[in-house]
$ cat start.txt   # compact mmCIF, C-alpha atoms and all ligand atoms
# COMPACT_ATOMS: atom_id res chain seq x y z
CA MET I 1 194.26 144.73 83.35
CA ALA I 2 195.50 142.48 80.55
CA LYS I 3 194.80 143.75 77.03
CA LYS I 4 192.85 141.37 74.84
CA VAL I 5 194.43 140.71 71.44
CA VAL I 6 192.33 138.73 68.96
CA ILE I 7 194.17 137.31 65.92
CA LEU I 8 191.98 136.10 63.05
CA GLY I 9 193.58 133.39 60.93
CA ALA I 10 196.38 130.96 61.87
CA GLY I 11 198.19 130.97 58.53
CA TYR I 12 201.76 132.22 58.06
CA ALA I 13 201.01 135.78 59.16
CA GLY I 14 198.58 135.11 62.03
CA LEU I 15 200.43 132.18 63.61
CA VAL I 16 203.80 133.95 63.58
CA CYS I 17 202.16 137.09 65.00
CA ALA I 18 200.65 135.05 67.87
CA LEU I 19 203.95 133.31 68.64
CA GLU I 20 205.96 136.56 68.57
CA LEU I 21 203.46 138.38 70.76
CA ASN I 22 203.57 135.46 73.17
CA LYS I 23 207.37 135.84 73.37
CA LEU I 24 207.27 139.60 73.91
CA THR I 25 204.60 139.75 76.63
CA THR I 26 203.56 138.31 79.99
CA ALA I 27 200.15 136.85 80.88
CA GLN I 28 199.57 139.89 83.11
CA GLU I 29 199.99 142.20 80.14
CA VAL I 30 198.06 140.41 77.47
CA GLU I 31 195.46 137.76 76.65
CA ILE I 32 196.03 136.36 73.15
CA ILE I 33 193.24 134.59 71.27
CA LEU I 34 193.94 132.96 67.90
CA VAL I 35 190.94 132.04 65.72
CA ASN I 36 191.10 129.65 62.76
CA LYS I 37 188.47 127.70 60.85
CA HIS I 38 190.48 124.46 60.94
CA GLU I 39 192.29 122.91 63.89
CA TYR I 40 195.42 122.72 61.74
CA HIS I 41 197.93 125.17 60.27
CA GLN I 42 198.43 124.56 56.54
CA LEU I 43 201.80 124.66 54.82
CA VAL I 44 200.22 126.40 51.83
CA THR I 45 203.57 126.73 50.04
CA GLN I 46 203.70 122.93 49.71
CA LEU I 47 200.12 122.35 48.50
CA HIS I 48 201.12 121.41 44.94
CA GLU I 49 202.60 118.21 46.39
CA PRO I 50 199.42 116.65 47.88
CA ALA I 51 197.47 117.98 44.88
CA VAL I 52 199.21 115.39 42.70
CA GLY I 53 199.67 112.71 45.35
CA ALA I 54 203.40 113.32 45.80
CA LYS I 55 202.80 114.00 49.53
CA GLU I 56 199.95 113.29 51.91
CA GLU I 57 197.67 115.64 53.82
CA LYS I 58 199.54 114.89 57.05
CA ASP I 59 202.76 116.23 55.44
CA VAL I 60 201.30 119.71 54.93
CA THR I 61 199.17 120.20 58.06
CA LEU I 62 200.25 120.84 61.64
CA SER I 63 198.01 120.77 64.69
CA ILE I 64 197.67 124.36 65.97
CA ASN I 65 197.20 123.13 69.54
CA SER I 66 200.40 121.15 69.41
CA ILE I 67 202.34 124.15 68.03
CA LEU I 68 200.93 126.35 70.81
CA GLY I 69 201.57 123.74 73.54
CA ALA I 70 201.61 125.44 76.93
CA LYS I 71 202.04 128.95 75.52
CA LYS I 72 199.61 131.61 76.67
CA VAL I 73 197.80 131.73 73.31
CA LYS I 74 194.22 130.44 73.46
CA PHE I 75 193.10 128.74 70.25
CA VAL I 76 189.47 129.01 69.12
CA LYS I 77 188.41 126.82 66.21
CA ASP I 78 185.65 128.78 64.50
CA VAL I 79 184.80 130.69 61.33
CA VAL I 80 185.00 134.49 61.25
CA VAL I 81 181.71 135.94 59.96
CA SER I 82 182.10 139.71 60.44
CA ILE I 83 184.00 142.43 62.26
CA ASP I 84 182.36 145.40 63.99
CA ASN I 85 185.26 147.78 64.47
CA GLU I 86 183.18 150.37 66.30
CA ALA I 87 181.91 147.92 68.92
CA LYS I 88 185.37 146.21 68.81
CA GLU I 89 183.75 142.87 68.36
CA VAL I 90 184.19 139.90 66.02
CA LYS I 91 181.26 137.67 65.14
CA LEU I 92 182.18 134.02 64.73
CA GLU I 93 179.85 131.27 63.53
CA ASN I 94 179.46 129.97 67.09
CA SER I 95 180.28 132.89 69.39
CA LYS I 96 181.44 136.50 69.63
CA LEU I 97 184.78 137.92 70.74
CA SER I 98 185.51 141.42 71.96
CA TYR I 99 189.00 142.87 71.60
CA ASP I 100 191.31 145.72 72.56
CA TYR I 101 193.57 145.03 69.58
CA LEU I 102 192.64 143.07 66.47
CA VAL I 103 194.87 141.36 63.91
CA VAL I 104 193.25 140.28 60.65
CA ALA I 105 195.30 137.57 58.89
CA LEU I 106 192.67 135.67 56.92
CA GLY I 107 194.71 135.17 53.73
CA SER I 108 193.13 135.71 50.33
CA GLU I 109 190.52 134.38 47.94
CA THR I 110 190.81 133.43 44.28
CA GLU I 111 190.40 136.22 41.70
CA TYR I 112 188.37 135.06 38.69
CA PHE I 113 188.45 138.42 36.83
CA GLY I 114 184.77 137.97 35.93
CA ILE I 115 185.62 135.27 33.34
CA PRO I 116 182.34 133.42 32.64
CA GLY I 117 182.27 129.87 33.99
CA LEU I 118 185.76 130.03 35.50
CA LYS I 119 184.59 129.91 39.13
CA GLU I 120 181.98 127.24 38.45
CA TYR I 121 184.09 124.87 36.36
CA SER I 122 187.64 125.13 37.65
CA PHE I 123 189.61 123.83 40.61
CA THR I 124 191.68 126.12 42.84
CA LEU I 125 194.66 125.37 45.05
CA LYS I 126 194.54 127.39 48.25
CA SER I 127 193.83 124.79 50.91
CA VAL I 128 194.48 121.18 51.78
CA ASN I 129 190.87 120.32 51.05
CA GLN I 130 191.19 121.78 47.55
CA ALA I 131 194.47 119.89 47.02
CA ASN I 132 192.69 116.66 48.01
CA ARG I 133 189.87 117.41 45.57
CA ILE I 134 192.36 117.93 42.70
CA ARG I 135 194.20 114.69 43.52
CA GLU I 136 190.97 112.64 43.67
CA HIS I 137 189.74 114.17 40.40
CA ILE I 138 193.00 113.48 38.53
CA GLU I 139 193.06 109.87 39.78
CA ASN I 140 189.45 109.49 38.74
CA CYS I 141 190.11 110.81 35.20
CA LEU I 142 192.94 108.32 34.74
CA LYS I 143 191.03 105.47 36.40
CA THR I 144 187.92 105.89 34.24
CA TYR I 145 189.67 106.66 30.93
CA SER I 146 189.57 103.02 29.86
CA GLN I 147 185.75 103.03 30.07
CA ASP I 148 185.00 105.77 27.49
CA LYS I 149 188.44 106.70 26.03
CA LYS I 150 187.57 110.42 26.25
CA ASP I 151 190.81 112.29 25.49
CA SER I 152 189.57 115.30 27.47
CA LYS I 153 190.10 113.17 30.59
CA LEU I 154 193.82 113.06 29.82
CA THR I 155 194.19 116.80 29.12
CA PHE I 156 195.14 118.81 32.21
CA VAL I 157 195.08 122.61 32.02
CA VAL I 158 196.64 124.94 34.59
CA GLY I 159 195.56 128.58 34.23
CA GLY I 160 198.16 131.07 35.44
CA ALA I 161 201.96 130.89 35.25
CA GLY I 162 202.88 132.64 38.50
CA PHE I 163 204.50 130.92 41.47
CA THR I 164 201.56 128.64 42.25
CA GLY I 165 200.78 127.73 38.64
CA ILE I 166 204.37 126.84 37.71
CA GLU I 167 205.01 124.85 40.90
CA LEU I 168 201.85 122.88 40.21
CA VAL I 169 202.75 122.34 36.54
CA GLY I 170 206.20 121.07 37.61
CA GLU I 171 204.66 118.63 40.06
CA LEU I 172 202.11 117.43 37.48
CA ALA I 173 204.84 116.98 34.85
CA ASP I 174 206.63 114.57 37.18
CA MET I 175 203.62 112.77 38.62
CA LEU I 176 201.25 112.33 35.65
CA PRO I 177 203.48 109.71 33.96
CA VAL I 178 203.66 107.81 37.27
CA LEU I 179 199.88 107.92 37.67
CA ALA I 180 199.39 106.97 34.00
CA GLN I 181 201.47 103.85 34.54
CA LYS I 182 199.54 103.01 37.71
CA HIS I 183 196.23 103.18 35.82
CA ASN I 184 197.47 101.59 32.61
CA VAL I 185 196.92 104.72 30.52
CA PRO I 186 199.20 105.41 27.51
CA LYS I 187 201.61 108.15 28.65
CA ASP I 188 201.78 109.72 25.19
CA LYS I 189 198.05 110.48 25.33
CA ILE I 190 198.50 112.80 28.31
CA LYS I 191 198.54 116.56 27.64
CA LEU I 192 199.65 119.11 30.24
CA ILE I 193 198.97 122.71 29.19
CA ASN I 194 199.79 125.94 30.99
CA VAL I 195 197.79 128.98 29.82
CA GLU I 196 198.89 132.49 30.78
CA ALA I 197 197.55 135.91 29.75
CA ALA I 198 200.84 137.75 30.44
CA PRO I 199 203.65 137.67 27.86
CA MET I 200 205.89 135.50 30.06
CA ILE I 201 205.80 132.90 32.82
CA LEU I 202 207.00 133.56 36.40
CA PRO I 203 206.76 137.38 36.35
CA GLY I 204 209.32 138.97 38.64
CA PHE I 205 211.88 136.17 38.17
CA ASP I 206 215.18 136.67 36.37
CA GLU I 207 214.77 136.16 32.59
CA GLU I 208 217.60 133.64 32.32
CA LEU I 209 216.07 131.53 35.09
CA VAL I 210 212.61 131.78 33.50
CA SER I 211 214.07 130.41 30.28
CA VAL I 212 215.70 127.51 32.22
CA ALA I 213 212.32 126.76 33.87
CA LYS I 214 210.45 126.82 30.58
CA LYS I 215 212.93 124.53 28.83
CA SER I 216 212.93 122.07 31.72
CA LEU I 217 209.14 121.88 31.78
CA GLU I 218 208.85 121.65 28.00
CA ALA I 219 211.34 118.78 28.02
CA ARG I 220 208.90 116.98 30.32
CA GLY I 221 206.01 117.51 27.90
CA VAL I 222 204.46 120.75 29.16
CA GLN I 223 202.83 122.88 26.46
CA PHE I 224 202.81 126.62 27.18
CA ILE I 225 200.18 128.94 25.72
CA ILE I 226 201.48 132.36 26.73
CA GLY I 227 200.04 135.84 26.11
CA THR I 228 196.61 134.27 25.67
CA PRO I 229 193.84 134.97 28.18
CA VAL I 230 191.19 132.41 29.08
CA VAL I 231 187.85 134.01 28.13
CA GLN I 232 185.31 131.38 29.14
CA VAL I 233 185.08 127.97 30.74
CA GLU I 234 182.26 125.52 30.15
CA PRO I 235 181.96 121.96 31.41
CA GLY I 236 184.59 120.01 29.45
CA ILE I 237 185.95 122.99 27.46
CA VAL I 238 188.23 126.01 27.97
CA HIS I 239 187.89 128.92 25.53
CA LEU I 240 190.89 131.14 24.77
CA LYS I 241 190.96 134.70 23.43
CA SER I 242 192.75 133.44 20.33
CA GLY I 243 189.54 131.60 19.41
CA ASP I 244 191.10 128.22 20.21
CA THR I 245 189.40 125.82 22.58
CA ILE I 246 190.84 123.11 24.79
CA PRO I 247 188.61 120.09 25.48
CA THR I 248 189.44 119.15 29.09
CA GLU I 249 187.85 117.76 32.23
CA THR I 250 190.50 119.47 34.36
CA MET I 251 190.99 123.22 34.56
CA ILE I 252 192.99 124.33 37.63
CA TRP I 253 192.94 128.10 38.09
CA THR I 254 195.89 129.78 39.85
CA GLY I 255 195.65 133.10 37.99
CA GLY I 256 195.13 135.62 40.80
CA VAL I 257 194.27 136.51 44.37
CA ARG I 258 191.91 139.04 45.92
CA GLY I 259 191.18 140.11 49.48
CA VAL I 260 188.76 138.27 51.74
CA PRO I 261 185.29 139.95 51.71
CA VAL I 262 185.11 140.30 55.50
CA VAL I 263 187.74 143.08 55.36
CA ALA I 264 185.86 145.39 52.98
CA GLU I 265 182.52 144.51 54.58
CA ALA I 266 183.88 145.75 57.94
CA GLY I 267 184.52 149.12 56.31
CA PHE I 268 188.31 148.95 56.18
CA GLU I 269 189.77 150.83 53.24
CA THR I 270 190.72 148.47 50.40
CA GLU I 271 192.34 148.62 46.96
CA PRO I 272 190.28 147.51 43.91
CA ARG I 273 191.03 143.83 44.54
CA GLY I 274 189.68 143.97 48.10
CA ARG I 275 193.00 143.90 49.95
CA ALA I 276 193.28 146.26 52.92
CA LYS I 277 195.33 149.41 52.72
CA VAL I 278 197.62 149.64 55.75
CA ASP I 279 200.00 152.22 57.18
CA GLU I 280 203.76 151.74 57.65
CA TYR I 281 203.13 149.90 60.95
CA MET I 282 200.72 147.41 59.29
CA ARG I 283 197.62 149.01 60.85
CA ALA I 284 194.43 149.37 58.82
CA VAL I 285 194.34 152.93 57.47
CA GLY I 286 192.54 155.13 60.02
CA HIS I 287 192.39 152.41 62.71
CA GLU I 288 195.04 152.47 65.44
CA ASP I 289 193.81 149.25 67.07
CA VAL I 290 193.53 147.00 63.98
CA TRP I 291 196.43 145.35 62.13
CA ILE I 292 195.81 143.68 58.75
CA ILE I 293 198.62 141.42 57.59
CA GLY I 294 199.62 138.73 55.10
CA ASP I 295 197.72 138.22 51.85
CA SER I 296 194.74 140.13 53.32
CA CYS I 297 196.57 143.45 52.91
CA PHE I 298 198.28 145.45 50.19
CA VAL I 299 201.63 147.19 50.78
CA LEU I 300 203.75 149.09 48.27
CA ALA I 301 207.48 148.35 48.34
CA PRO I 302 210.00 151.20 48.00
CA ASN I 303 210.18 150.46 44.23
CA GLY I 304 206.52 151.50 43.96
CA ARG I 305 205.29 147.98 43.20
CA PRO I 306 203.22 145.95 45.68
CA TYR I 307 204.98 143.28 47.71
CA PRO I 308 203.98 139.91 46.24
CA PRO I 309 201.56 137.76 48.25
CA THR I 310 204.11 135.32 49.67
CA ALA I 311 204.66 133.37 52.87
CA GLN I 312 208.03 135.06 53.18
CA ILE I 313 206.44 138.54 53.37
CA SER I 314 203.45 137.33 55.41
CA THR I 315 205.59 135.94 58.25
CA GLN I 316 207.57 139.19 58.45
CA MET I 317 204.30 141.13 58.60
CA GLY I 318 203.25 138.87 61.49
CA GLU I 319 206.46 139.67 63.37
CA ASN I 320 206.14 143.38 62.67
CA ALA I 321 202.52 143.50 63.85
CA ALA I 322 203.45 141.70 67.10
CA VAL I 323 206.24 144.21 67.80
CA ASN I 324 203.95 147.14 67.06
CA ILE I 325 201.10 145.84 69.22
CA TYR I 326 203.60 145.50 72.07
CA SER I 327 205.02 148.99 71.39
CA THR I 328 201.49 150.43 71.37
CA MET I 329 200.71 148.82 74.73
CA LYS I 330 203.96 150.11 76.21
CA HIS I 331 203.71 153.57 74.57
CA MET I 332 207.01 152.91 72.83
CA LYS I 333 208.22 153.88 69.36
CA LYS I 334 206.75 151.65 66.66
CA GLU I 335 208.74 149.86 64.00
CA LYS I 336 208.13 150.52 60.29
CA PHE I 337 207.54 147.45 58.13
CA ASP I 338 210.79 146.94 56.24
CA PRO I 339 211.10 143.29 55.17
CA VAL I 340 214.34 141.49 54.46
CA LEU I 341 213.91 139.89 51.05
CA LEU I 342 215.65 136.54 50.98
CA GLY I 343 214.98 135.90 47.29
CA ALA I 344 212.43 133.51 45.84
CA VAL I 345 212.69 129.91 44.71
CA ALA I 346 210.04 128.14 42.63
CA SER I 347 210.09 124.35 42.46
CA LEU I 348 209.75 122.67 39.06
CA GLY I 349 208.73 119.24 40.26
CA ARG I 350 210.38 116.58 42.38
CA LYS I 351 214.03 117.34 41.60
CA GLU I 352 214.42 120.85 40.27
CA ALA I 353 213.83 124.48 41.11
CA ILE I 354 214.97 127.92 40.01
CA GLY I 355 215.37 131.07 42.01
CA SER I 356 217.43 133.86 43.43
CA ILE I 357 219.07 133.70 46.81
CA GLY I 358 219.52 136.94 48.69
CA ASN I 359 218.49 138.76 45.49
CA LYS I 360 221.97 138.34 43.99
CA MET I 361 222.87 134.69 43.55
CA LYS I 362 220.96 132.70 40.96
CA ALA I 363 220.29 129.03 41.57
CA LYS I 364 218.85 126.28 39.42
CA GLY I 365 218.40 122.53 39.34
CA TRP I 366 218.88 120.27 42.36
CA LEU I 367 220.76 122.96 44.36
CA ALA I 368 217.81 125.37 44.07
CA TYR I 369 215.46 122.53 45.06
CA ARG I 370 217.49 122.00 48.25
CA VAL I 371 217.34 125.76 48.95
CA LYS I 372 213.56 125.60 48.65
CA ASP I 373 213.46 122.64 51.01
CA ALA I 374 215.72 124.45 53.48
CA SER I 375 213.33 127.42 53.56
CA LYS I 376 210.53 125.07 54.62
CA TYR I 377 212.63 123.71 57.49
CA ARG I 378 213.67 127.23 58.51
CA TYR I 379 210.00 128.14 58.76
CA LEU I 380 209.16 124.99 60.75
CA ALA I 381 211.97 125.83 63.17
CA LYS I 382 210.61 129.38 63.52
CA ILE I 383 207.18 128.16 64.59
CA GLY I 384 208.69 125.43 66.80
CA ALA I 385 207.29 122.62 64.66
CA LEU I 386 210.45 121.02 63.29
CA LEU I 387 210.09 117.89 65.40
CA LYS I 388 206.31 117.80 65.10
CA SER I 389 206.21 117.76 61.28
C1 LIG I 401 200.50 126.23 45.84
C2 LIG I 401 201.12 127.48 46.43
C3 LIG I 401 202.52 127.58 46.50
C4 LIG I 401 203.09 128.71 47.08
N1 LIG I 401 204.46 128.75 47.18
C5 LIG I 401 205.04 129.78 47.83
C6 LIG I 401 206.46 129.78 48.07
O1 LIG I 401 207.16 128.88 47.63
N2 LIG I 401 206.98 130.81 48.78
C7 LIG I 401 206.22 131.82 49.30
O2 LIG I 401 206.77 132.71 49.98
N3 LIG I 401 204.88 131.87 49.09
C8 LIG I 401 204.27 130.87 48.37
N4 LIG I 401 202.90 130.88 48.19
C9 LIG I 401 202.08 132.00 48.72
C10 LIG I 401 201.83 131.83 50.23
O3 LIG I 401 201.38 130.52 50.50
C11 LIG I 401 200.83 132.86 50.74
O4 LIG I 401 201.32 134.13 50.43
C12 LIG I 401 200.65 132.71 52.26
O5 LIG I 401 199.98 131.50 52.55
C13 LIG I 401 199.86 133.90 52.85
O6 LIG I 401 199.84 133.76 54.24
P1 LIG I 401 198.60 134.33 55.07
O7 LIG I 401 198.89 134.06 56.51
O8 LIG I 401 198.27 135.71 54.67
O9 LIG I 401 197.35 133.45 54.59
P2 LIG I 401 197.12 131.88 54.73
O10 LIG I 401 198.38 131.15 54.86
O11 LIG I 401 196.20 131.54 53.62
O12 LIG I 401 196.33 131.77 56.11
C14 LIG I 401 195.02 132.26 56.31
C15 LIG I 401 194.40 131.47 57.46
O13 LIG I 401 193.11 132.03 57.74
C16 LIG I 401 192.16 130.97 57.88
N5 LIG I 401 190.86 131.52 57.51
C17 LIG I 401 190.50 132.05 56.32
N6 LIG I 401 189.24 132.52 56.37
C18 LIG I 401 188.78 132.26 57.62
C19 LIG I 401 187.56 132.53 58.31
N7 LIG I 401 186.54 133.15 57.71
N8 LIG I 401 187.47 132.13 59.60
C20 LIG I 401 188.50 131.52 60.23
N9 LIG I 401 189.67 131.26 59.65
C21 LIG I 401 189.81 131.62 58.36
C22 LIG I 401 192.67 129.90 56.92
O14 LIG I 401 192.17 128.62 57.28
C23 LIG I 401 194.18 130.00 57.11
O15 LIG I 401 194.62 129.21 58.19
C24 LIG I 401 202.28 129.77 47.58
C25 LIG I 401 200.89 129.67 47.49
C26 LIG I 401 200.30 128.55 46.93
C27 LIG I 401 198.79 128.46 46.87
$ encode --input "start.txt" --output "structure tokens"
Amino acid sequence: MAKKVVILGAGYAGLVCALELNKLTTAQEVEIILVNKHEYHQLVTQLHEPAVGAKEEKDVTLSINSILGAKKVKFVKDVVVSIDNEAKEVKLENSKLSYDYLVVALGSETEYFGIPGLKEYSFTLKSVNQANRIREHIENCLKTYSQDKKDSKLTFVVGGAGFTGIELVGELADMLPVLAQKHNVPKDKIKLINVEAAPMILPGFDEELVSVAKKSLEARGVQFIIGTPVVQVEPGIVHLKSGDTIPTETMIWTGGVRGVPVVAEAGFETEPRGRAKVDEYMRAVGHEDVWIIGDSCFVLAPNGRPYPPTAQISTQMGENAAVNIYSTMKHMKKEKFDPVLLGAVASLGRKEAIGSIGNKMKAKGWLAYRVKDASKYRYLAKIGALLKS
């Protein structure tokens, strides 16, 4: 009888896992069910573009049904509520699903570090809907400025200077002047501030490249406040540990991720930030029939530091889980998770990027931007969506 594999989440990890498992197996061997709360797959790595109006929603979403086409993966649009790993059952908002093998690939949530008011009074950038909300809010601030001349409407604060924060700051640096012109707002009144608790921006990137990124953004008017944690957010005001305050209507928080609650609630072992601990084959610790992949899990690299939560790592986890589910079904030797790190490139707006390619070559400027673009197209080709995007 065919084994039933239920995959929760059709992001980078879950979608790739479903497509790989589809390739490896026949319909007699396996029934694959992919669950996602939206009918579309989101290109999360591009979300900073619709957040400032540089791209539209349709540019960063792909219909899951059209990606799956005639493949033997059944798509269920529903929201995962809980997992009962003893009964081998997943509760969805509208139904229940039993499974032989389960893959949890539900991504992550925002970490607010208990900072008072941060959750209530900040925007986040983890979904297309959130990107749309940010874009509408920014437009609204600029559109209504002429009515009350409140300077806080023209001050935009991004909390966090990791990958997401810097890519967003870069995009804002390029687009805010364009939007200011559109709404007849004096460009020199606009303030774009990036606040970071750590002593430097873009942790993990080469120091020389970080300095290039900082100079490029500063030249476009970005003000960095580094080594200074946000300690409280109130409506219209951000408080910093230094005692300074920033009057602003726009605080966008990109400062951290934590695991989705459903994982810990199901009893899977997690690290302090709620991400699942997994073994070398990407299975939840102590569970030979459950794989937890992508941003929902926590894996230490050989250097003793955790792999960063990236699409690059998530897709490779998806592939690895598919291979190991197949190996388990066939009683074959499983494959240890050993990702190929292709480097990392962070965009700095519409024309520039910085990054390392293959962990050796450094790239900056327009060339690095093209490398970043190429990685998007490589991914689209992988999921068979190049012509559909
Ligand atoms: C603005 C931004 C820029 C980034 N840039 C890069 C980059 O350049 N390179 C890079 O490698 N990484 C980048 N990242 C990180 C990367 O996007 C994530 O690491 C990646 O999305 C994680 O993949 P995932 O499959 O684990 O989760 P996701 O891609 O978040 O997918 C999770 C899926 O689960 C679904 N889901 C969640 N909860 C439920 C539920 N309860 N029920 C049903 N479905 C649910 C979601 O709708 C989603 O489809 C960036 C992230 C952001 C936010």
$ residues_around --input "start.txt" --residues "Asp174 of chain I" --least-positions-apart "6" --cutoff "10 Å" --atoms "all atoms listed in the file" --output "ChimeraX atom specification"
/I:52,54,217,220-221,348-351
$ residues_near_ligand --input "start.txt" --ligand "ligand LIG 401 (chain I)" --cutoff "7 Å" --atoms "all atoms listed in the file" --output "PyMOL selection string"
chain I and resi 8-14+35-38+41-42+44-48+78-81+105-108+125-126+163-164+167-168+293-296+309-314+344-346
$ residues_around --input "start.txt" --residues "segment 368-385 of chain I" --least-positions-apart "6" --cutoff "7 Å" --atoms "only C-alpha atoms" --output "list of chain:residue names"
I:Val16, I:Ile67, I:Val345, I:Ser347, I:Lys351, I:Glu352, I:Ala353, I:Ile354, I:Gly355
$ closest_residue --input "start.txt" --among "I:Lys182, I:Ala322, I:Glu136, I:Gly160" --to "Met200 of chain I" --atoms "all atoms listed in the file"
I:Gly160
$ residues_around --input "start.txt" --residues "Lys153 of chain I" --least-positions-apart "4" --cutoff "9 Å" --atoms "all atoms listed in the file" --output "JSON, numbers by chain"
{"I": [138, 140, 141, 142, 144, 145, 149, 190, 236, 247, 248, 249, 250]}
$ atom_distance --input "start.txt" --atom1 "atom CA of Gly286 of chain I" --atom2 "atom CA of Phe75 of chain I"
28.3 Å
$ residues_around --input "start.txt" --residues "Pro199 of chain I" --least-positions-apart "6" --cutoff "12 Å" --atoms "only C-alpha atoms" --output "ChimeraX atom specification"
/I:160-162,224-229
$ atom_distance --input "start.txt" --atom1 "atom CA of Glu39 of chain I" --atom2 "atom CA of Val257 of chain I"
23.9 Å
$ atom_distance --input "start.txt" --atom1 "atom CA of Lys333 of chain I" --atom2 "atom CA of Lys23 of chain I"
18.5 Å
$ residues_near_point --input "start.txt" --point "(188.3, 146.3, 42.7)" --cutoff "12 Å" --atoms "only C-alpha atoms" --output "ChimeraX atom specification"
/I:111-114,257-259,261,264,269-276
$ closest_residue --input "start.txt" --among "I:Lys58, I:Lys189, I:Lys88, I:Lys74" --to "Lys150 of chain I" --atoms "only C-alpha atoms"
I:Lys189
$ closest_residue --input "start.txt" --among "I:Val263, I:Leu176, I:Val76, I:Ala321" --to "Leu92 of chain I" --atoms "all atoms listed in the file"
I:Val76
$ build_atoms --input "start.txt" --residues "segment 74-86 of chain I" --atoms "N, CA and C atoms" --output "mmCIF file, keeping the file's coordinate frame"
data_model
loop_
_atom_site.group_PDB
_atom_site.id
_atom_site.type_symbol
_atom_site.label_atom_id
_atom_site.label_comp_id
_atom_site.auth_asym_id
_atom_site.auth_seq_id
_atom_site.Cartn_x
_atom_site.Cartn_y
_atom_site.Cartn_z
ATOM 1 N N LYS I 74 195.397 131.320 73.440
ATOM 2 C CA LYS I 74 194.220 130.440 73.460
ATOM 3 C C LYS I 74 193.742 130.256 72.020
ATOM 4 N N PHE I 75 193.554 129.007 71.625
ATOM 5 C CA PHE I 75 193.100 128.740 70.250
ATOM 6 C C PHE I 75 191.591 128.510 70.226
ATOM 7 N N VAL I 76 190.911 129.210 69.318
ATOM 8 C CA VAL I 76 189.470 129.010 69.120
ATOM 9 C C VAL I 76 189.253 128.525 67.697
ATOM 10 N N LYS I 77 188.703 127.315 67.566
ATOM 11 C CA LYS I 77 188.410 126.820 66.210
ATOM 12 C C LYS I 77 187.012 127.292 65.828
ATOM 13 N N ASP I 78 186.944 128.239 64.919
ATOM 14 C CA ASP I 78 185.650 128.780 64.500
ATOM 15 C C ASP I 78 185.848 129.570 63.211
ATOM 16 N N VAL I 79 184.734 129.945 62.593
ATOM 17 C CA VAL I 79 184.800 130.690 61.330
ATOM 18 C C VAL I 79 184.443 132.153 61.583
ATOM 19 N N VAL I 80 185.280 133.059 61.106
ATOM 20 C CA VAL I 80 185.000 134.490 61.250
ATOM 21 C C VAL I 80 183.880 134.875 60.283
ATOM 22 N N VAL I 81 182.843 135.545 60.807
ATOM 23 C CA VAL I 81 181.710 135.940 59.960
ATOM 24 C C VAL I 81 181.788 137.427 59.646
ATOM 25 N N SER I 82 182.030 138.254 60.671
ATOM 26 C CA SER I 82 182.100 139.710 60.440
ATOM 27 C C SER I 82 182.865 140.392 61.574
ATOM 28 N N ILE I 83 183.264 141.624 61.266
ATOM 29 C CA ILE I 83 184.000 142.430 62.260
ATOM 30 C C ILE I 83 183.247 143.735 62.447
ATOM 31 N N ASP I 84 182.967 144.097 63.703
ATOM 32 C CA ASP I 84 182.360 145.400 63.990
ATOM 33 C C ASP I 84 183.442 146.233 64.676
ATOM 34 N N ASN I 85 184.106 147.100 63.882
ATOM 35 C CA ASN I 85 185.260 147.780 64.470
ATOM 36 C C ASN I 85 184.870 148.937 65.376
ATOM 37 N N GLU I 86 183.604 149.331 65.346
ATOM 38 C CA GLU I 86 183.180 150.370 66.300
ATOM 39 C C GLU I 86 182.903 149.756 67.664
#
